[in-house]
$ cat coords.txt   # compact mmCIF, C-alpha atoms
# COMPACT_ATOMS: atom_id res chain seq x y z
CA MET A 1 -58.29 -29.91 -26.68
CA VAL A 2 -57.09 -26.96 -28.74
CA THR A 3 -58.01 -23.45 -27.66
CA ALA A 4 -57.95 -20.65 -30.18
CA ILE A 5 -56.80 -17.20 -29.18
CA ASN A 6 -58.13 -14.05 -30.64
CA SER A 7 -56.09 -11.12 -31.97
CA GLY A 8 -56.50 -9.17 -28.70
CA GLN A 9 -55.03 -12.03 -26.68
CA LEU A 10 -52.23 -12.43 -29.22
CA SER A 11 -51.42 -8.74 -28.92
CA VAL A 12 -51.23 -9.03 -25.11
CA LEU A 13 -48.93 -12.07 -25.37
CA GLN A 14 -46.64 -10.22 -27.80
CA GLY A 15 -46.50 -7.25 -25.43
CA ILE A 16 -45.57 -9.54 -22.51
CA MET A 17 -42.78 -11.13 -24.58
CA LYS A 18 -41.38 -7.71 -25.56
CA PHE A 19 -41.45 -6.63 -21.91
CA THR A 20 -39.74 -9.87 -20.82
CA ASN A 21 -37.02 -9.39 -23.45
CA ALA A 22 -36.47 -5.79 -22.30
CA VAL A 23 -36.17 -6.89 -18.67
CA LEU A 24 -33.70 -9.62 -19.61
CA PHE A 25 -31.63 -7.08 -21.54
CA LEU A 26 -31.55 -4.67 -18.59
CA PHE A 27 -30.61 -7.29 -16.01
CA ILE A 28 -28.22 -9.37 -18.08
CA LEU A 29 -26.56 -7.23 -20.74
CA CYS A 30 -26.46 -3.76 -19.18
CA PRO A 31 -24.40 -4.76 -16.12
CA LEU A 32 -21.86 -6.37 -18.45
CA SER A 33 -21.28 -3.06 -20.17
CA ARG A 34 -20.16 -1.58 -16.83
CA ALA A 35 -17.85 -4.49 -15.99
CA ALA A 36 -14.83 -2.76 -17.53
CA GLN A 37 -16.05 0.67 -16.39
CA ASP A 38 -16.78 1.85 -19.90
CA TYR A 39 -13.25 1.01 -21.11
CA ILE A 40 -12.20 2.54 -24.42
CA SER A 41 -8.83 2.05 -26.07
CA VAL A 42 -7.27 5.43 -26.95
CA SER A 43 -4.14 6.42 -28.87
CA VAL A 44 -2.99 8.99 -26.30
CA CYS A 45 -4.05 10.36 -22.94
CA PRO A 46 -4.74 14.07 -22.39
CA PRO A 47 -1.45 15.92 -21.75
CA GLY A 48 -2.77 18.62 -19.42
CA ALA A 49 -5.53 19.71 -17.04
CA ARG A 50 -7.63 21.45 -19.70
CA GLU A 51 -7.52 18.52 -22.15
CA TRP A 52 -8.16 16.07 -19.29
CA GLN A 53 -11.32 18.00 -18.32
CA ILE A 54 -12.54 18.08 -21.93
CA GLU A 55 -12.18 14.28 -22.18
CA ALA A 56 -13.80 13.80 -18.76
CA ASP A 57 -16.77 15.90 -19.86
CA ARG A 58 -16.98 13.94 -23.12
CA LYS A 59 -16.91 10.57 -21.33
CA ASN A 60 -19.59 11.80 -18.89
CA CYS A 61 -18.81 9.34 -16.07
CA GLN A 62 -21.60 8.90 -13.53
CA ASP A 63 -22.21 7.07 -10.26
CA PRO A 64 -21.22 4.50 -9.19
CA THR A 65 -18.02 5.16 -11.19
CA PRO A 66 -17.96 8.97 -11.41
CA ASN A 67 -14.29 9.67 -12.19
CA TYR A 68 -12.64 9.77 -15.63
CA LEU A 69 -9.21 8.17 -15.93
CA CYS A 70 -6.87 7.74 -18.85
CA ALA A 71 -3.78 5.62 -18.24
CA ALA A 72 -1.24 3.28 -19.79
CA ILE A 73 -2.18 -0.39 -20.08
CA GLU A 74 -0.06 -2.43 -17.68
CA ASN A 75 2.83 -4.25 -19.38
CA LEU A 76 1.87 -2.86 -22.81
CA PRO A 77 4.03 0.23 -23.35
CA GLY A 78 2.49 2.61 -25.86
CA HIS A 79 -1.07 1.37 -25.26
CA PHE A 80 -3.62 3.48 -23.37
CA GLY A 81 -7.23 3.35 -22.32
CA SER A 82 -9.85 5.43 -20.61
CA ILE A 83 -12.38 4.29 -18.03
CA CYS A 84 -14.88 5.59 -15.54
CA THR A 85 -13.95 4.56 -12.00
CA GLN A 86 -13.80 5.56 -8.35
CA ILE A 87 -10.48 7.16 -7.60
CA GLY A 88 -8.56 7.30 -4.33
CA LEU A 89 -4.88 8.09 -3.89
CA SER A 90 -2.11 6.22 -5.66
CA PRO A 91 1.05 5.66 -3.58
CA SER A 92 4.19 7.68 -4.21
CA GLY A 93 6.71 5.91 -6.42
CA THR A 94 3.99 4.23 -8.48
CA CYS A 95 2.21 4.88 -11.75
CA ALA A 96 -1.54 4.42 -12.09
CA VAL A 97 -2.24 1.96 -14.91
CA LEU A 98 -5.11 -0.08 -16.27
CA ASN A 99 -4.84 -3.82 -15.72
CA SER A 100 -4.34 -5.44 -19.13
CA GLN A 101 -6.97 -8.14 -18.48
CA THR A 102 -9.72 -6.36 -16.53
CA HIS A 103 -9.00 -2.71 -17.41
CA ASN A 104 -9.44 -1.85 -13.74
CA LEU A 105 -7.34 0.84 -12.09
CA ASP A 106 -4.10 -0.50 -10.63
CA SER A 107 -0.71 0.92 -9.74
CA VAL A 108 2.74 -0.44 -10.43
CA PRO A 109 6.20 0.62 -9.25
CA CYS A 110 7.73 3.42 -11.28
CA LYS A 111 11.33 2.37 -11.99
CA ALA A 112 12.31 5.26 -14.24
CA LYS A 113 15.46 7.16 -13.23
CA GLU A 114 13.50 10.40 -12.85
CA GLY A 115 10.00 11.83 -13.11
CA CYS A 116 8.17 9.29 -10.94
CA PRO A 117 5.47 10.54 -8.57
CA ASP A 118 7.27 11.56 -5.36
CA LYS A 119 4.16 11.79 -3.17
CA PRO A 120 0.73 10.15 -3.01
CA TYR A 121 -1.44 11.55 -5.81
CA SER A 122 -4.88 11.37 -7.34
CA PRO A 123 -4.86 9.51 -10.66
CA ARG A 124 -7.19 12.31 -11.86
CA GLU A 125 -3.94 14.31 -12.11
CA LEU A 126 -1.85 11.60 -13.76
CA TYR A 127 -0.98 14.07 -16.54
CA LYS A 128 1.38 15.77 -14.04
CA TRP A 129 3.68 12.71 -14.32
CA PRO A 130 4.27 12.19 -18.06
CA ILE A 131 6.67 9.33 -17.32
CA CYS A 132 3.62 7.27 -16.33
CA PHE A 133 2.57 7.32 -20.00
CA GLY A 134 6.06 6.32 -21.17
CA ASN A 135 8.72 3.82 -20.12
CA PHE A 136 8.35 3.90 -16.36
CA TYR A 137 9.34 0.24 -16.06
CA GLY A 138 13.04 1.15 -16.10
CA SER A 139 15.97 -0.01 -18.17
CA GLU A 140 15.20 -3.74 -17.92
CA ARG A 141 12.39 -3.35 -20.50
$ encode --input "coords.txt" --output "C-alpha cells"
Amino acid sequence: MVTAINSGQLSVLQGIMKFTNAVLFLFILCPLSRAAQDYISVSVCPPGAREWQIEADRKNCQDPTPNYLCAAIENLPGHFGSICTQIGLSPSGTCAVLNSQTHNLDSVPCKAKEGCPDKPYSPRELYKWPICFGNFYGSER
C-alpha cells in the first residue's frame, strides 16, 4: 500500500528535518568548538596590561571559561596561543603554558637563570614575566 503525501505534509516533514539537523549541530558540533577553549594560534602575546586587555576584549571570553589567556605552547619555543579558560593561581617558579596537545592551561618549571615568577601569580598577568614567553626551559634546550 502506497500513501501519497500532499505538499503541506511535505513542508511539515522538511521543517522537522531542518529542526532535527539544527539540534544535532547544537548538541554535537558546538561543544566540540569549546573543547580547546577557543584556542587560536598567535604570533606573539600582548606585552603589557593595556595590550592584554585589548586582546581580552577582542576575544570576548564568556562563562564557563571567562578569562583570556595568551601563553607559550609547552615544549614549542617561539609558538604561542590564546584561549578562554578559568584561571586560578600558578605556583611560583613556574611559567603558565598551553599544553601542546590539548591547548589547556598548564604550568611548567621555569629553569631560566633569572626572571622567573618568584611568587604565586595569576596567569592573567603573565606579561609581567617576559621570560615565560622566551627560553624559560634553561640552558639544556
$ atom_distance --input "coords.txt" --atom1 "atom CA of Val42 of chain A" --atom2 "atom CA of Lys59 of chain A"
12.3 Å
$ closest_residue --input "coords.txt" --among "A:Asp63, A:Thr85, A:Ala112, A:Pro46" --to "Leu126 of chain A" --atoms "all atoms listed in the file"
A:Pro46
$ atom_distance --input "coords.txt" --atom1 "atom CA of Asn135 of chain A" --atom2 "atom CA of Lys111 of chain A"
8.7 Å
$ residues_near_point --input "coords.txt" --point "(-7.4, 18.2, -20.9)" --cutoff "12 Å" --atoms "all atoms listed in the file" --output "ChimeraX atom specification"
/A:44-58,68-70,124-128
$ write_last_selection --input "coords.txt" --atoms "C-alpha atoms" --output "CSV table (one decimal), in the frame of the given file"
chain,number,residue,atom,x,y,z
A,44,VAL,CA,-3.0,9.0,-26.3
A,45,CYS,CA,-4.0,10.4,-22.9
A,46,PRO,CA,-4.7,14.1,-22.4
A,47,PRO,CA,-1.4,15.9,-21.8
A,48,GLY,CA,-2.8,18.6,-19.4
A,49,ALA,CA,-5.5,19.7,-17.0
A,50,ARG,CA,-7.6,21.4,-19.7
A,51,GLU,CA,-7.5,18.5,-22.2
A,52,TRP,CA,-8.2,16.1,-19.3
A,53,GLN,CA,-11.3,18.0,-18.3
A,54,ILE,CA,-12.5,18.1,-21.9
A,55,GLU,CA,-12.2,14.3,-22.2
A,56,ALA,CA,-13.8,13.8,-18.8
A,57,ASP,CA,-16.8,15.9,-19.9
A,58,ARG,CA,-17.0,13.9,-23.1
A,68,TYR,CA,-12.6,9.8,-15.6
A,69,LEU,CA,-9.2,8.2,-15.9
A,70,CYS,CA,-6.9,7.7,-18.8
A,124,ARG,CA,-7.2,12.3,-11.9
A,125,GLU,CA,-3.9,14.3,-12.1
A,126,LEU,CA,-1.8,11.6,-13.8
A,127,TYR,CA,-1.0,14.1,-16.5
A,128,LYS,CA,1.4,15.8,-14.0
$ atom_distance --input "coords.txt" --atom1 "atom CA of Tyr39 of chain A" --atom2 "atom CA of Phe133 of chain A"
17.1 Å
$ residues_around --input "coords.txt" --residues "Pro109 of chain A" --least-positions-apart "2" --cutoff "7 Å" --atoms "all atoms listed in the file" --output "PyMOL selection string"
chain A and resi 93-95+107+111
$ residues_near_point --input "coords.txt" --point "(3.2, 8.6, -5.2)" --cutoff "8 Å" --atoms "only C-alpha atoms" --output "JSON, numbers by chain"
{"A": [90, 91, 92, 93, 94, 95, 116, 117, 118, 119, 120, 121]}
$ closest_residue --input "coords.txt" --among "A:Cys61, A:Ile73, A:Ile40, A:Leu89" --to "Gly134 of chain A" --atoms "all atoms listed in the file"
A:Ile73
$ closest_residue --input "coords.txt" --among "A:Leu105, A:Cys110, A:Ala72, A:Leu98" --to "Phe136 of chain A" --atoms "all atoms listed in the file"
A:Cys110
$ residues_around --input "coords.txt" --residues "Asn99 of chain A" --least-positions-apart "2" --cutoff "12 Å" --atoms "all atoms listed in the file" --output "PDB file with C-alpha atoms, in the frame of the given file"
ATOM      1  CA  ALA A  36     -14.830  -2.760 -17.530  1.00  0.00           C
ATOM      2  CA  TYR A  39     -13.250   1.010 -21.110  1.00  0.00           C
ATOM      3  CA  ALA A  71      -3.780   5.620 -18.240  1.00  0.00           C
ATOM      4  CA  ALA A  72      -1.240   3.280 -19.790  1.00  0.00           C
ATOM      5  CA  ILE A  73      -2.180  -0.390 -20.080  1.00  0.00           C
ATOM      6  CA  GLU A  74      -0.060  -2.430 -17.680  1.00  0.00           C
ATOM      7  CA  ASN A  75       2.830  -4.250 -19.380  1.00  0.00           C
ATOM      8  CA  LEU A  76       1.870  -2.860 -22.810  1.00  0.00           C
ATOM      9  CA  HIS A  79      -1.070   1.370 -25.260  1.00  0.00           C
ATOM     10  CA  PHE A  80      -3.620   3.480 -23.370  1.00  0.00           C
ATOM     11  CA  GLY A  81      -7.230   3.350 -22.320  1.00  0.00           C
ATOM     12  CA  SER A  82      -9.850   5.430 -20.610  1.00  0.00           C
ATOM     13  CA  ILE A  83     -12.380   4.290 -18.030  1.00  0.00           C
ATOM     14  CA  CYS A  95       2.210   4.880 -11.750  1.00  0.00           C
ATOM     15  CA  ALA A  96      -1.540   4.420 -12.090  1.00  0.00           C
ATOM     16  CA  VAL A  97      -2.240   1.960 -14.910  1.00  0.00           C
ATOM     17  CA  GLN A 101      -6.970  -8.140 -18.480  1.00  0.00           C
ATOM     18  CA  THR A 102      -9.720  -6.360 -16.530  1.00  0.00           C
ATOM     19  CA  HIS A 103      -9.000  -2.710 -17.410  1.00  0.00           C
ATOM     20  CA  ASN A 104      -9.440  -1.850 -13.740  1.00  0.00           C
ATOM     21  CA  LEU A 105      -7.340   0.840 -12.090  1.00  0.00           C
ATOM     22  CA  ASP A 106      -4.100  -0.500 -10.630  1.00  0.00           C
ATOM     23  CA  SER A 107      -0.710   0.920  -9.740  1.00  0.00           C
ATOM     24  CA  VAL A 108       2.740  -0.440 -10.430  1.00  0.00           C
TER      25      VAL A 108
END
$ closest_residue --input "coords.txt" --among "A:Gly78, A:Ser43, A:Gln86, A:Pro130" --to "Pro66 of chain A" --atoms "only C-alpha atoms"
A:Gln86
